[in-house]
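The data block below is data21.cif; it holds mmCIF, C-alpha atoms.
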```
data_upload
#
loop_
_atom_site.label_atom_id
_atom_site.label_comp_id
_atom_site.auth_asym_id
_atom_site.auth_seq_id
_atom_site.Cartn_x
_atom_site.Cartn_y
_atom_site.Cartn_z
CA MET A 1 37.24 14.95 -14.48
CA ALA A 2 34.96 12.90 -16.73
CA ALA A 3 32.17 14.67 -18.59
CA ALA A 4 29.44 12.73 -16.77
CA SER A 5 30.63 13.69 -13.34
CA GLN A 6 31.11 17.28 -14.47
CA ASP A 7 27.47 17.37 -15.61
CA LYS A 8 26.35 15.93 -12.31
CA SER A 9 28.45 18.44 -10.45
CA ALA A 10 26.90 21.37 -12.30
CA ARG A 11 23.42 19.91 -11.79
CA VAL A 12 23.96 19.48 -8.05
CA ALA A 13 25.32 23.01 -7.71
CA ALA A 14 22.26 24.39 -9.50
CA LEU A 15 19.93 22.36 -7.30
CA LEU A 16 21.71 23.57 -4.16
CA SER A 17 21.10 27.18 -5.06
CA ARG A 18 17.39 26.44 -5.58
CA ILE A 19 17.25 24.52 -2.30
CA ALA A 20 18.73 27.55 -0.56
CA MET A 21 15.58 29.39 -1.66
CA GLY A 22 13.31 26.70 -0.27
CA ASP A 23 12.56 24.87 -3.53
CA GLN A 24 11.15 21.50 -2.47
CA ALA A 25 11.12 19.96 -5.94
CA ALA A 26 14.81 20.76 -6.25
CA PHE A 27 15.42 19.11 -2.90
CA GLY A 28 13.64 15.93 -4.04
CA GLU A 29 15.68 15.78 -7.22
CA PHE A 30 18.85 16.49 -5.25
CA TYR A 31 18.07 13.56 -2.98
CA GLU A 32 17.51 11.25 -5.96
CA LEU A 33 20.78 12.33 -7.48
CA THR A 34 23.02 12.10 -4.41
CA SER A 35 21.59 9.73 -1.79
CA ALA A 36 22.93 6.42 -3.14
CA HIS A 37 26.45 7.82 -3.40
CA LEU A 38 26.34 9.31 0.09
CA TYR A 39 24.75 6.20 1.61
CA GLY A 40 27.46 4.08 0.02
CA VAL A 41 30.08 6.27 1.67
CA ALA A 42 28.34 6.18 5.07
CA ILE A 43 27.53 2.46 5.22
CA ARG A 44 31.10 1.44 4.38
CA ILE A 45 32.46 3.50 7.24
CA LEU A 46 29.77 2.83 9.85
CA ARG A 47 28.92 -0.77 8.84
CA ASP A 48 25.60 -0.33 10.62
CA PRO A 49 22.56 0.29 8.36
CA PRO A 50 20.30 1.99 10.96
CA ALA A 51 23.15 4.27 12.05
CA ALA A 52 24.05 5.08 8.43
CA GLU A 53 20.41 5.87 7.59
CA GLU A 54 20.06 8.05 10.64
CA LEU A 55 23.23 9.89 9.73
CA LEU A 56 22.11 10.39 6.14
CA GLN A 57 18.77 11.70 7.36
CA GLU A 58 20.52 14.26 9.58
CA ALA A 59 22.81 15.26 6.73
CA TYR A 60 19.87 15.97 4.38
CA VAL A 61 17.96 17.89 7.03
CA ASN A 62 21.13 19.91 7.45
CA VAL A 63 21.49 20.50 3.71
CA TRP A 64 17.92 21.78 3.54
CA HIS A 65 18.66 24.32 6.25
CA HIS A 66 22.17 25.25 5.17
CA ALA A 67 22.26 24.82 1.38
CA GLY A 68 23.05 28.55 1.24
CA SER A 69 26.35 28.00 2.99
CA TYR A 70 27.74 26.02 0.06
CA GLU A 71 30.32 28.15 -1.75
CA VAL A 72 30.83 27.32 -5.40
CA ALA A 73 34.21 29.00 -5.44
CA LYS A 74 35.65 26.85 -2.68
CA SER A 75 34.80 23.29 -3.65
CA GLN A 76 32.92 21.00 -5.98
CA PRO A 77 29.41 20.33 -4.64
CA MET A 78 29.86 16.55 -4.47
CA THR A 79 33.18 17.00 -2.68
CA TRP A 80 31.48 19.32 -0.22
CA LEU A 81 28.63 16.87 0.39
CA THR A 82 30.82 13.82 0.60
CA SER A 83 33.04 15.59 3.11
CA ILE A 84 30.04 16.48 5.27
CA VAL A 85 28.92 12.84 5.35
CA ARG A 86 32.41 11.41 5.78
CA ASN A 87 33.17 13.81 8.61
CA ARG A 88 29.97 12.95 10.43
CA CYS A 89 30.69 9.24 10.09
CA LEU A 90 34.26 9.60 11.24
CA ASP A 91 33.27 11.88 14.13
CA GLN A 92 30.85 9.20 15.26
CA LEU A 93 33.39 6.38 14.96
CA ARG A 94 36.21 8.25 16.66
CA ARG A 95 33.94 9.55 19.41
CA ARG A 96 32.86 6.00 20.10
CA GLU A 97 36.51 5.01 20.40
CA VAL A 98 37.23 7.75 22.93
CA GLN A 99 34.30 6.55 25.01
CA THR A 100 35.11 2.85 24.79
CA VAL A 101 38.84 3.16 25.00
CA THR A 102 39.16 0.24 27.40
CA LEU A 103 37.34 -2.19 25.14
CA THR A 104 39.22 -4.20 22.58
CA PRO A 105 38.96 -2.50 19.22
CA ASP A 106 37.86 -5.59 17.34
CA ASP A 107 34.86 -6.70 19.34
CA ASP A 108 32.48 -4.35 17.61
CA ASP A 109 29.69 -6.46 16.18
CA ALA A 110 29.04 -3.79 13.58
CA ALA A 111 32.34 -4.84 12.02
CA ASP A 112 30.65 -8.08 11.00
CA TYR A 113 28.27 -6.26 8.72
CA ASP A 114 28.84 -7.46 5.18
CA LEU A 115 28.36 -5.09 2.33
CA PRO A 116 26.17 -7.08 -0.02
CA SER A 117 27.07 -5.37 -3.26
CA ASP A 118 30.76 -4.71 -2.89
CA ALA A 119 32.52 -6.73 -5.48
CA MET A 120 35.39 -4.27 -5.27
CA THR A 121 38.03 -4.24 -2.57
CA PRO A 122 39.05 -0.88 -1.11
CA VAL A 123 42.31 -0.98 -3.07
CA GLU A 124 40.39 -1.60 -6.29
CA MET A 125 38.18 1.38 -5.46
CA LEU A 126 41.25 3.50 -4.87
CA VAL A 127 42.63 2.58 -8.26
CA ALA A 128 39.24 3.01 -9.92
CA GLY A 129 39.00 6.46 -8.39
CA ALA A 130 42.03 7.34 -10.35
CA GLU A 131 39.94 7.88 -13.44
CA ALA A 132 42.36 10.45 -14.73
CA ARG A 133 45.61 8.97 -15.93
CA SER A 134 47.72 11.25 -13.77
CA VAL A 135 45.86 10.27 -10.61
CA ARG A 136 46.19 6.59 -11.42
CA ASP A 137 49.90 7.02 -11.93
CA CYS A 138 50.12 8.62 -8.50
CA VAL A 139 48.26 5.75 -6.85
CA GLU A 140 50.49 3.29 -8.62
CA THR A 141 53.59 4.91 -7.11
CA LEU A 142 52.45 3.70 -3.68
CA ASP A 143 53.80 0.40 -2.40
CA ALA A 144 51.27 -2.34 -1.71
CA GLY A 145 51.25 -1.85 2.09
CA PRO A 146 50.69 1.90 2.15
CA LYS A 147 48.17 1.62 -0.67
CA GLN A 148 46.12 -0.91 1.24
CA ALA A 149 46.35 1.00 4.50
CA ILE A 150 45.19 4.24 2.88
CA ALA A 151 42.37 2.48 1.02
CA LEU A 152 41.08 0.75 4.17
CA ALA A 153 41.26 3.93 6.22
CA PHE A 154 39.57 6.00 3.55
CA TYR A 155 36.73 3.67 2.55
CA GLN A 156 36.10 1.81 5.77
CA GLY A 157 37.18 4.31 8.40
CA LEU A 158 39.73 2.03 10.05
CA SER A 159 41.87 3.66 12.75
CA HIS A 160 45.62 3.14 13.03
CA SER A 161 45.22 0.32 15.54
CA GLU A 162 42.51 -1.34 13.46
CA LEU A 163 44.75 -1.11 10.41
CA ALA A 164 47.59 -2.67 12.37
CA ALA A 165 45.35 -5.53 13.50
CA HIS A 166 43.85 -6.01 10.07
CA LEU A 167 47.13 -5.92 8.17
CA ARG A 168 49.05 -7.77 10.92
CA GLU A 169 51.76 -5.17 11.05
CA PRO A 170 53.19 -3.23 13.99
CA LEU A 171 51.33 -0.02 14.80
CA GLY A 172 54.42 2.09 14.05
CA THR A 173 54.81 0.57 10.60
CA VAL A 174 51.19 1.21 9.71
CA LYS A 175 51.35 4.80 10.96
CA SER A 176 54.37 5.57 8.83
CA TRP A 177 52.85 3.82 5.79
CA VAL A 178 49.85 6.10 6.06
CA ARG A 179 51.86 9.26 6.70
CA ARG A 180 54.41 8.70 3.97
CA GLY A 181 51.81 7.38 1.55
CA LEU A 182 49.74 10.52 1.92
CA GLU A 183 52.82 12.72 1.49
CA ARG A 184 53.77 10.90 -1.65
CA LEU A 185 50.22 11.13 -3.02
CA LYS A 186 50.15 14.82 -2.30
CA ASN A 187 53.43 15.58 -4.00
CA CYS A 188 52.47 13.54 -7.03
CA LEU A 189 48.90 14.88 -7.32
CA ASP A 190 49.93 18.49 -6.80
CA ARG A 191 52.64 18.12 -9.42
CA ALA A 192 50.06 16.73 -11.82
CA GLY A 193 47.79 19.69 -11.04
CA MET A 194 45.10 17.51 -9.49
CA GLY A 195 45.33 18.83 -5.97
CA ARG A 196 43.72 22.16 -6.66
CA ALA A 197 40.30 22.43 -8.19
CA MET B 1 47.85 26.27 19.49
CA ASN B 2 48.58 28.34 16.43
CA LEU B 3 48.75 25.88 13.58
CA SER B 4 48.96 28.57 10.92
CA ARG B 5 52.47 29.74 11.85
CA PRO B 6 54.86 29.03 8.98
CA ASP B 7 56.99 26.59 10.97
CA ARG B 8 53.89 24.60 11.75
CA LEU B 9 52.57 24.33 8.22
CA ALA B 10 54.12 20.93 7.55
CA ARG B 11 52.65 19.65 10.79
CA LEU B 12 49.28 21.18 9.92
CA ASP B 13 49.37 19.54 6.51
CA ALA B 14 49.97 16.12 8.06
CA LEU B 15 47.17 16.68 10.59
CA ALA B 16 44.75 17.80 7.89
CA ALA B 17 45.68 14.78 5.77
CA SER B 18 44.94 12.31 8.56
CA TYR B 19 41.78 14.25 9.46
CA VAL B 20 40.44 13.89 5.94
CA LEU B 21 41.63 10.31 5.55
CA GLY B 22 40.00 9.55 8.90
CA THR B 23 42.89 8.19 10.92
CA LEU B 24 43.27 11.17 13.25
CA PRO B 25 42.22 9.95 16.72
CA GLY B 26 39.08 11.29 18.43
CA ARG B 27 40.35 14.12 20.59
CA ALA B 28 42.82 15.48 18.03
CA ARG B 29 40.07 15.21 15.43
CA ALA B 30 37.60 17.22 17.47
CA ARG B 31 40.26 19.82 18.26
CA LEU B 32 41.28 20.31 14.63
CA ALA B 33 37.64 20.64 13.55
CA ARG B 34 37.16 23.29 16.22
CA VAL B 35 40.21 25.25 15.11
CA ALA B 36 39.13 25.03 11.45
CA ARG B 37 35.92 26.87 12.24
CA THR B 38 37.79 30.08 12.98
CA ASP B 39 41.19 29.64 11.33
CA THR B 40 40.97 30.00 7.56
CA VAL B 41 44.45 28.58 6.91
CA VAL B 42 43.49 25.42 8.75
CA ALA B 43 40.14 25.26 6.94
CA GLN B 44 41.86 25.72 3.58
CA THR B 45 44.41 23.02 4.28
CA ILE B 46 41.60 20.59 5.11
CA ARG B 47 39.73 21.56 1.96
CA GLY B 48 42.87 20.97 -0.08
CA TRP B 49 43.01 17.40 1.17
CA GLU B 50 39.28 16.89 0.60
CA GLN B 51 39.86 17.88 -3.02
CA ARG B 52 42.89 15.67 -3.40
CA LEU B 53 41.04 12.62 -2.10
CA ALA B 54 37.69 13.44 -3.77
CA PRO B 55 38.25 11.28 -6.87
CA PHE B 56 38.65 8.27 -4.59
CA ALA B 57 35.32 8.89 -2.89
CA ASP B 58 33.61 9.02 -6.27
CA SER B 59 34.70 5.53 -7.22
CA ALA B 60 32.97 3.72 -4.34
CA PRO B 61 29.90 1.97 -5.82
CA PRO B 62 26.65 3.70 -4.77
CA ILE B 63 24.20 1.85 -2.51
CA THR B 64 20.56 2.91 -2.47
CA PRO B 65 19.27 3.62 1.05
CA SER B 66 15.86 2.43 2.20
CA PRO B 67 12.92 4.65 1.11
CA GLN B 68 12.35 5.33 4.81
CA VAL B 69 15.25 7.79 4.77
CA TRP B 70 13.60 10.16 2.33
CA ARG B 71 10.24 9.77 4.05
CA ARG B 72 11.73 10.70 7.42
CA VAL B 73 13.63 13.65 6.00
CA ALA B 74 10.54 15.00 4.25
CA LEU B 75 8.35 14.36 7.27
CA ARG B 76 10.76 16.06 9.64
CA LEU B 77 11.02 19.11 7.42
CA GLY B 78 7.25 19.15 6.84
CA LEU B 79 7.72 19.18 3.07
CA ASP B 80 4.71 19.26 0.78
CA VAL B 81 6.33 16.57 -1.33
CA VAL B 82 5.32 14.16 1.41
CA ARG B 83 1.72 14.67 0.53
CA ARG B 84 2.31 13.93 -3.13
CA SER B 85 4.70 11.04 -2.92
CA GLU B 86 3.46 9.60 0.33
CA ARG B 87 3.04 5.86 0.18
CA GLY B 88 3.10 5.16 3.88
CA PRO B 89 0.12 4.74 6.18
CA TRP B 90 -2.12 7.77 6.62
CA TRP B 91 -1.45 8.25 10.32
CA THR B 92 2.16 9.16 9.61
CA ARG B 93 1.25 11.90 7.17
CA VAL B 94 1.86 15.50 8.04
CA ALA B 95 -1.17 16.63 6.06
CA PHE B 96 -3.37 14.28 8.01
CA TRP B 97 -2.19 15.66 11.34
CA ARG B 98 -2.56 19.25 10.19
CA ALA B 99 -6.15 18.57 9.16
CA ALA B 100 -6.83 16.69 12.38
CA ALA B 101 -5.45 19.52 14.49
CA LEU B 102 -7.59 22.07 12.66
CA ALA B 103 -10.71 19.96 12.89
CA SER B 104 -10.29 19.31 16.56
CA PHE B 105 -9.64 22.97 17.25
CA VAL B 106 -12.86 23.96 15.55
CA VAL B 107 -14.71 21.23 17.38
CA ALA B 108 -13.14 22.10 20.71
CA VAL B 109 -14.28 25.71 20.39
CA GLY B 110 -17.82 24.56 19.61
CA LEU B 111 -17.76 22.07 22.43
CA GLY B 112 -16.46 24.66 24.86
CA VAL B 113 -19.43 26.84 24.07
CA SER B 114 -21.91 24.02 24.58
CA LEU B 115 -20.28 22.92 27.82
CA MET B 116 -20.60 26.40 29.24
CA ARG B 117 -24.36 26.09 29.16
CA PRO B 118 -25.86 24.88 32.43
CA ALA B 119 -25.89 21.11 32.19
CA GLN B 120 -28.48 18.78 33.66
CA GLU B 121 -25.87 16.21 34.53
CA ALA B 122 -22.13 16.39 35.19
CA ALA B 123 -20.03 16.69 32.02
CA PRO B 124 -18.31 13.43 31.20
CA PRO B 125 -14.64 13.64 32.17
CA ILE B 126 -13.31 12.47 28.82
CA VAL B 127 -14.81 13.57 25.55
CA VAL B 128 -13.60 12.94 22.06
CA VAL B 129 -15.41 14.57 19.21
CA LEU B 130 -14.60 12.80 16.00
CA ALA B 131 -15.02 14.94 12.93
CA GLY B 132 -14.21 14.74 9.24
CA GLN B 133 -12.22 17.22 7.19
CA ASP B 134 -15.20 19.58 7.19
CA ALA B 135 -14.93 19.76 11.00
CA ARG B 136 -18.55 18.63 11.42
CA PRO B 137 -18.86 16.19 14.32
CA ALA B 138 -19.70 12.66 13.18
CA LEU B 139 -19.25 10.70 16.40
CA ILE B 140 -18.88 11.64 20.03
CA ALA B 141 -17.04 9.30 22.35
CA THR B 142 -17.43 9.74 26.09
CA LEU B 143 -15.86 7.94 28.97
CA ALA B 144 -15.80 8.22 32.75
CA ARG B 145 -12.39 8.37 34.33
CA ASP B 146 -12.99 5.22 36.39
CA SER B 147 -14.48 3.15 33.58
CA ARG B 148 -13.08 1.12 30.70
CA THR B 149 -16.32 1.38 28.74
CA MET B 150 -16.38 4.09 26.13
CA THR B 151 -19.73 5.14 24.73
CA VAL B 152 -19.74 6.17 21.09
CA LYS B 153 -22.69 8.06 19.71
CA THR B 154 -23.30 8.82 16.04
CA VAL B 155 -24.28 12.44 15.53
CA GLY B 156 -23.57 12.93 11.85
CA GLY B 157 -21.22 11.77 9.19
CA ALA B 158 -21.69 10.00 5.91
CA PRO B 159 -23.80 6.86 5.60
CA VAL B 160 -21.79 3.64 5.82
CA PRO B 161 -22.15 1.13 2.95
CA ALA B 162 -23.63 -2.22 4.02
CA ASP B 163 -20.45 -4.13 3.23
CA LYS B 164 -18.28 -1.81 5.31
CA SER B 165 -17.68 -1.20 9.01
CA LEU B 166 -16.45 1.75 11.02
CA GLU B 167 -13.47 0.92 13.19
CA LEU B 168 -12.26 3.07 16.07
CA TRP B 169 -8.53 3.47 16.68
CA MET B 170 -6.33 4.90 19.39
CA LEU B 171 -3.44 6.85 17.85
CA PRO B 172 -0.62 6.62 20.37
CA GLU B 173 2.22 9.06 20.04
CA GLY B 174 5.09 7.52 18.11
CA ALA B 175 3.41 4.14 17.69
CA ALA B 176 1.04 2.39 15.33
CA PRO B 177 -2.72 2.78 15.75
CA ARG B 178 -4.42 0.31 18.03
CA SER B 179 -7.95 -0.86 17.41
CA LEU B 180 -10.66 -0.29 19.97
CA GLY B 181 -13.18 -2.24 17.94
CA LEU B 182 -16.11 -1.50 15.67
CA VAL B 183 -18.56 1.31 16.20
CA PRO B 184 -22.12 1.30 14.85
CA ALA B 185 -22.98 3.25 11.72
CA THR B 186 -25.96 4.78 13.53
CA GLY B 187 -27.12 5.12 17.12
CA VAL B 188 -25.02 4.35 20.17
CA GLY B 189 -22.42 1.66 20.75
CA THR B 190 -19.74 0.88 23.25
CA VAL B 191 -16.13 -0.21 23.06
CA THR B 192 -13.89 -1.42 25.86
CA LEU B 193 -10.50 0.09 26.59
CA PRO B 194 -7.60 -2.26 27.36
CA ALA B 195 -7.14 -0.47 30.71
CA LEU B 196 -8.54 2.42 32.72
CA PRO B 197 -8.35 5.70 30.81
CA ASP B 198 -5.47 7.17 32.82
CA VAL B 199 -3.33 4.27 31.64
CA ALA B 200 -4.89 3.39 28.30
CA LEU B 201 -5.06 6.98 27.04
CA ALA B 202 -1.95 8.36 28.74
CA ASN B 203 0.01 8.45 25.51
CA VAL B 204 -2.94 8.76 23.16
CA PRO B 205 -3.57 12.32 22.02
CA ALA B 206 -6.16 11.36 19.42
CA LEU B 207 -8.66 8.80 18.20
CA ALA B 208 -9.62 8.07 14.62
CA VAL B 209 -12.31 6.18 12.75
CA SER B 210 -11.51 4.40 9.52
CA LEU B 211 -13.75 2.75 6.97
CA GLU B 212 -12.92 -0.95 6.86
CA GLN B 213 -14.30 -4.09 5.27
CA ALA B 214 -17.28 -5.58 7.14
CA GLY B 215 -16.07 -6.90 10.47
CA GLY B 216 -13.09 -4.59 10.62
CA SER B 217 -9.49 -4.63 9.44
CA PRO B 218 -8.20 -8.21 9.28
CA THR B 219 -4.59 -7.15 9.86
CA GLY B 220 -4.81 -5.22 13.11
CA ALA B 221 -3.72 -2.06 11.31
CA PRO B 222 -6.04 0.36 9.54
CA GLN B 223 -6.49 -0.58 5.88
CA GLY B 224 -9.22 1.75 4.72
CA PRO B 225 -9.40 5.54 4.55
CA VAL B 226 -9.65 7.57 7.74
CA LEU B 227 -13.01 9.31 7.96
CA TYR B 228 -12.98 11.06 11.29
CA THR B 229 -10.45 12.11 13.86
CA GLY B 230 -10.62 13.79 17.24
CA ARG B 231 -8.36 14.96 20.04
CA VAL B 232 -8.71 13.27 23.40
CA GLU B 233 -9.92 16.04 25.70
CA LYS B 234 -9.69 15.36 29.39
CA PHE B 235 -11.94 17.52 31.53
CA TYR B 236 -10.40 16.76 34.86
#
```
Whole structure given in structure tokens:
Amino acid sequence: MAAASQDKSARVAALLSRIAMGDQAAFGEFYELTSAHLYGVAIRILRDPPAAEELLQEAYVNVWHHAGSYEVAKSQPMTWLTSIVRNRCLDQLRRREVQTVTLTPDDDDAADYDLPSDAMTPVEMLVAGAEARSVRDCVETLDAGPKQAIALAFYQGLSHSELAAHLREPLGTVKSWVRRGLERLKNCLDRAGMGRA
Amino acid sequence: MNLSRPDRLARLDALAASYVLGTLPGRARARLARVARTDTVVAQTIRGWEQRLAPFADSAPPITPSPQVWRRVALRLGLDVVRRSERGPWWTRVAFWRAAALASFVVAVGLGVSLMRPAQEAAPPIVVVLAGQDARPALIATLARDSRTMTVKTVGGAPVPADKSLELWMLPEGAAPRSLGLVPATGVGTVTLPALPDVALANVPALAVSLEQAGGSPTGAPQGPVLYTGRVEKFY
């Protein structure tokens, strides 16, 4: 992990423990430090600014009430926070799908939302995330198809059928790309000692 | 379903991976999340994948959310920081509403006492006592239930500069203030409600008076400081 993100991680962990004691100044600083990252995550998945803002708002209200439940030993604070936001976004998306199962998956007007500042494609983000050499090597072992499918699912919350439509591949192909790609990533990352914090 | 059994671990790992990646479909997703709450092996497997994929989340460029998000969070939690960093209109401020509630409570107690005295005439059915932060009544607004004309009487308050006007506002719940017009700096004046009180004030728990440029706010929203506020008390 780079020094800058390690510093941030320690800072966020310290702020969380103060927030758990009701420290409002710490909460304000915590918001400053984390909100743009978390909003970036949420807006890419939901593609709906009001929904993403609403979700972020709920997440921060939740952090204020439950900062004490963060356990330093179990995960990095930013990983913990990002997972909370990602899970809420994905829950919302997947719940919507269950409810609108008879509608065509591609008619969602939210899908038209353009991210103004994204000069990077999801695959480029995936590669950029591999800051550490060993992680980058692992990403590079993926074939183009699986790499793209994993990147689109991870950053934009696409489901299997959306991936199939987007990549113009049969559903079965896309499913196995994702499954095998993740397996391969896991084996590679765990071998490189990146899978465990 | 016992996902933690050794023969199921490979299956669990694949489920956790697609849960964290996001491709696990709705029902299976909800079920796995439910199991993870009580099953530590399941929870750990999910956390393992969150850690594996964490570097990828970090690389997505940040996007700053609208300032509204922080304002709403702070407002909902009633944080003091709202008072310090507040840049929004005064009627959305927590501190303002706390002060207004206190002032109107003090005034309501005083009013209750005075209303208990034998009155010469019937008490007006709607009374709003508008008071400043010191809880001293500045204006009293009265209105009959079957009339759109509200009478506003000055009973105190600070003198109004010649180049300023007092403007009376309805403060509807969850909506922007709505002007009722100007009220005189001294003596008695009247304003007209847009409808009969049962309709016009149905969703209006409070009135406020702000200090505006002569002739009132040009924008239709309060521009100047709020001087007095009062709860709408209905005596019927």
On this structure, the PyMOL selection byres ((chain A) within 8 of (chain B)) would catch which residues? List them as a PDB file with C-alpha atoms, in the coordinates of the input, sorted by chain and number.
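File produced: part10.pdb:
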```
ATOM      1  CA  GLN A  24      11.150  21.500  -2.470  1.00  0.00           C
ATOM      2  CA  ALA A  25      11.120  19.960  -5.940  1.00  0.00           C
ATOM      3  CA  GLY A  28      13.640  15.930  -4.040  1.00  0.00           C
ATOM      4  CA  TYR A  31      18.070  13.560  -2.980  1.00  0.00           C
ATOM      5  CA  SER A  35      21.590   9.730  -1.790  1.00  0.00           C
ATOM      6  CA  ALA A  36      22.930   6.420  -3.140  1.00  0.00           C
ATOM      7  CA  HIS A  37      26.450   7.820  -3.400  1.00  0.00           C
ATOM      8  CA  LEU A  38      26.340   9.310   0.090  1.00  0.00           C
ATOM      9  CA  TYR A  39      24.750   6.200   1.610  1.00  0.00           C
ATOM     10  CA  GLY A  40      27.460   4.080   0.020  1.00  0.00           C
ATOM     11  CA  VAL A  41      30.080   6.270   1.670  1.00  0.00           C
ATOM     12  CA  GLU A  53      20.410   5.870   7.590  1.00  0.00           C
ATOM     13  CA  GLU A  54      20.060   8.050  10.640  1.00  0.00           C
ATOM     14  CA  LEU A  56      22.110  10.390   6.140  1.00  0.00           C
ATOM     15  CA  GLN A  57      18.770  11.700   7.360  1.00  0.00           C
ATOM     16  CA  GLU A  58      20.520  14.260   9.580  1.00  0.00           C
ATOM     17  CA  TYR A  60      19.870  15.970   4.380  1.00  0.00           C
ATOM     18  CA  VAL A  61      17.960  17.890   7.030  1.00  0.00           C
ATOM     19  CA  SER A  75      34.800  23.290  -3.650  1.00  0.00           C
ATOM     20  CA  THR A  79      33.180  17.000  -2.680  1.00  0.00           C
ATOM     21  CA  THR A  82      30.820  13.820   0.600  1.00  0.00           C
ATOM     22  CA  SER A  83      33.040  15.590   3.110  1.00  0.00           C
ATOM     23  CA  ASN A  87      33.170  13.810   8.610  1.00  0.00           C
ATOM     24  CA  LEU A  90      34.260   9.600  11.240  1.00  0.00           C
ATOM     25  CA  ASP A  91      33.270  11.880  14.130  1.00  0.00           C
ATOM     26  CA  ARG A  94      36.210   8.250  16.660  1.00  0.00           C
ATOM     27  CA  ARG A  95      33.940   9.550  19.410  1.00  0.00           C
ATOM     28  CA  GLU A  97      36.510   5.010  20.400  1.00  0.00           C
ATOM     29  CA  VAL A  98      37.230   7.750  22.930  1.00  0.00           C
ATOM     30  CA  SER A 117      27.070  -5.370  -3.260  1.00  0.00           C
ATOM     31  CA  ASP A 118      30.760  -4.710  -2.890  1.00  0.00           C
ATOM     32  CA  MET A 125      38.180   1.380  -5.460  1.00  0.00           C
ATOM     33  CA  LEU A 126      41.250   3.500  -4.870  1.00  0.00           C
ATOM     34  CA  VAL A 127      42.630   2.580  -8.260  1.00  0.00           C
ATOM     35  CA  ALA A 128      39.240   3.010  -9.920  1.00  0.00           C
ATOM     36  CA  GLY A 129      39.000   6.460  -8.390  1.00  0.00           C
ATOM     37  CA  ALA A 130      42.030   7.340 -10.350  1.00  0.00           C
ATOM     38  CA  GLU A 131      39.940   7.880 -13.440  1.00  0.00           C
ATOM     39  CA  ILE A 150      45.190   4.240   2.880  1.00  0.00           C
ATOM     40  CA  ALA A 153      41.260   3.930   6.220  1.00  0.00           C
ATOM     41  CA  PHE A 154      39.570   6.000   3.550  1.00  0.00           C
ATOM     42  CA  TYR A 155      36.730   3.670   2.550  1.00  0.00           C
ATOM     43  CA  GLY A 157      37.180   4.310   8.400  1.00  0.00           C
ATOM     44  CA  LEU A 158      39.730   2.030  10.050  1.00  0.00           C
ATOM     45  CA  SER A 159      41.870   3.660  12.750  1.00  0.00           C
ATOM     46  CA  HIS A 160      45.620   3.140  13.030  1.00  0.00           C
ATOM     47  CA  ARG A 179      51.860   9.260   6.700  1.00  0.00           C
ATOM     48  CA  LEU A 182      49.740  10.520   1.920  1.00  0.00           C
ATOM     49  CA  GLU A 183      52.820  12.720   1.490  1.00  0.00           C
ATOM     50  CA  LYS A 186      50.150  14.820  -2.300  1.00  0.00           C
ATOM     51  CA  LEU A 189      48.900  14.880  -7.320  1.00  0.00           C
ATOM     52  CA  MET A 194      45.100  17.510  -9.490  1.00  0.00           C
ATOM     53  CA  GLY A 195      45.330  18.830  -5.970  1.00  0.00           C
ATOM     54  CA  ARG A 196      43.720  22.160  -6.660  1.00  0.00           C
ATOM     55  CA  ALA A 197      40.300  22.430  -8.190  1.00  0.00           C
TER      56      ALA A 197
END
```
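In this comparison, which uses all atoms listed in the file, the residue of A:Gln156, A:Asp143, A:Asp190, A:Cys89 approaching Trp177 of chain A most closely is A:Asp143.
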Practice problem: Tell me which of A:Ala20, A:Val135, A:Leu46, A:Ala14 sits closest to Pro77 of chain A, counting all atoms listed in the file. | Solution: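 Counting all atoms listed in the file, the residue closest to Pro77 of chain A is A:Ala14.
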Practice problem: Can you give me, as a PyMOL selection string, the residues this file yields under the PyMOL selection byres ((chain B and resi 156-170) around 9)? | Solution: chain B and resi 131-132+136-139+154-155+171-172+176-186+191+201+204-217+222+227-228
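The two atoms in question, atom CA of Ser5 of chain A and atom CA of Arg47 of chain A, are spaced 26.5 Å apart.
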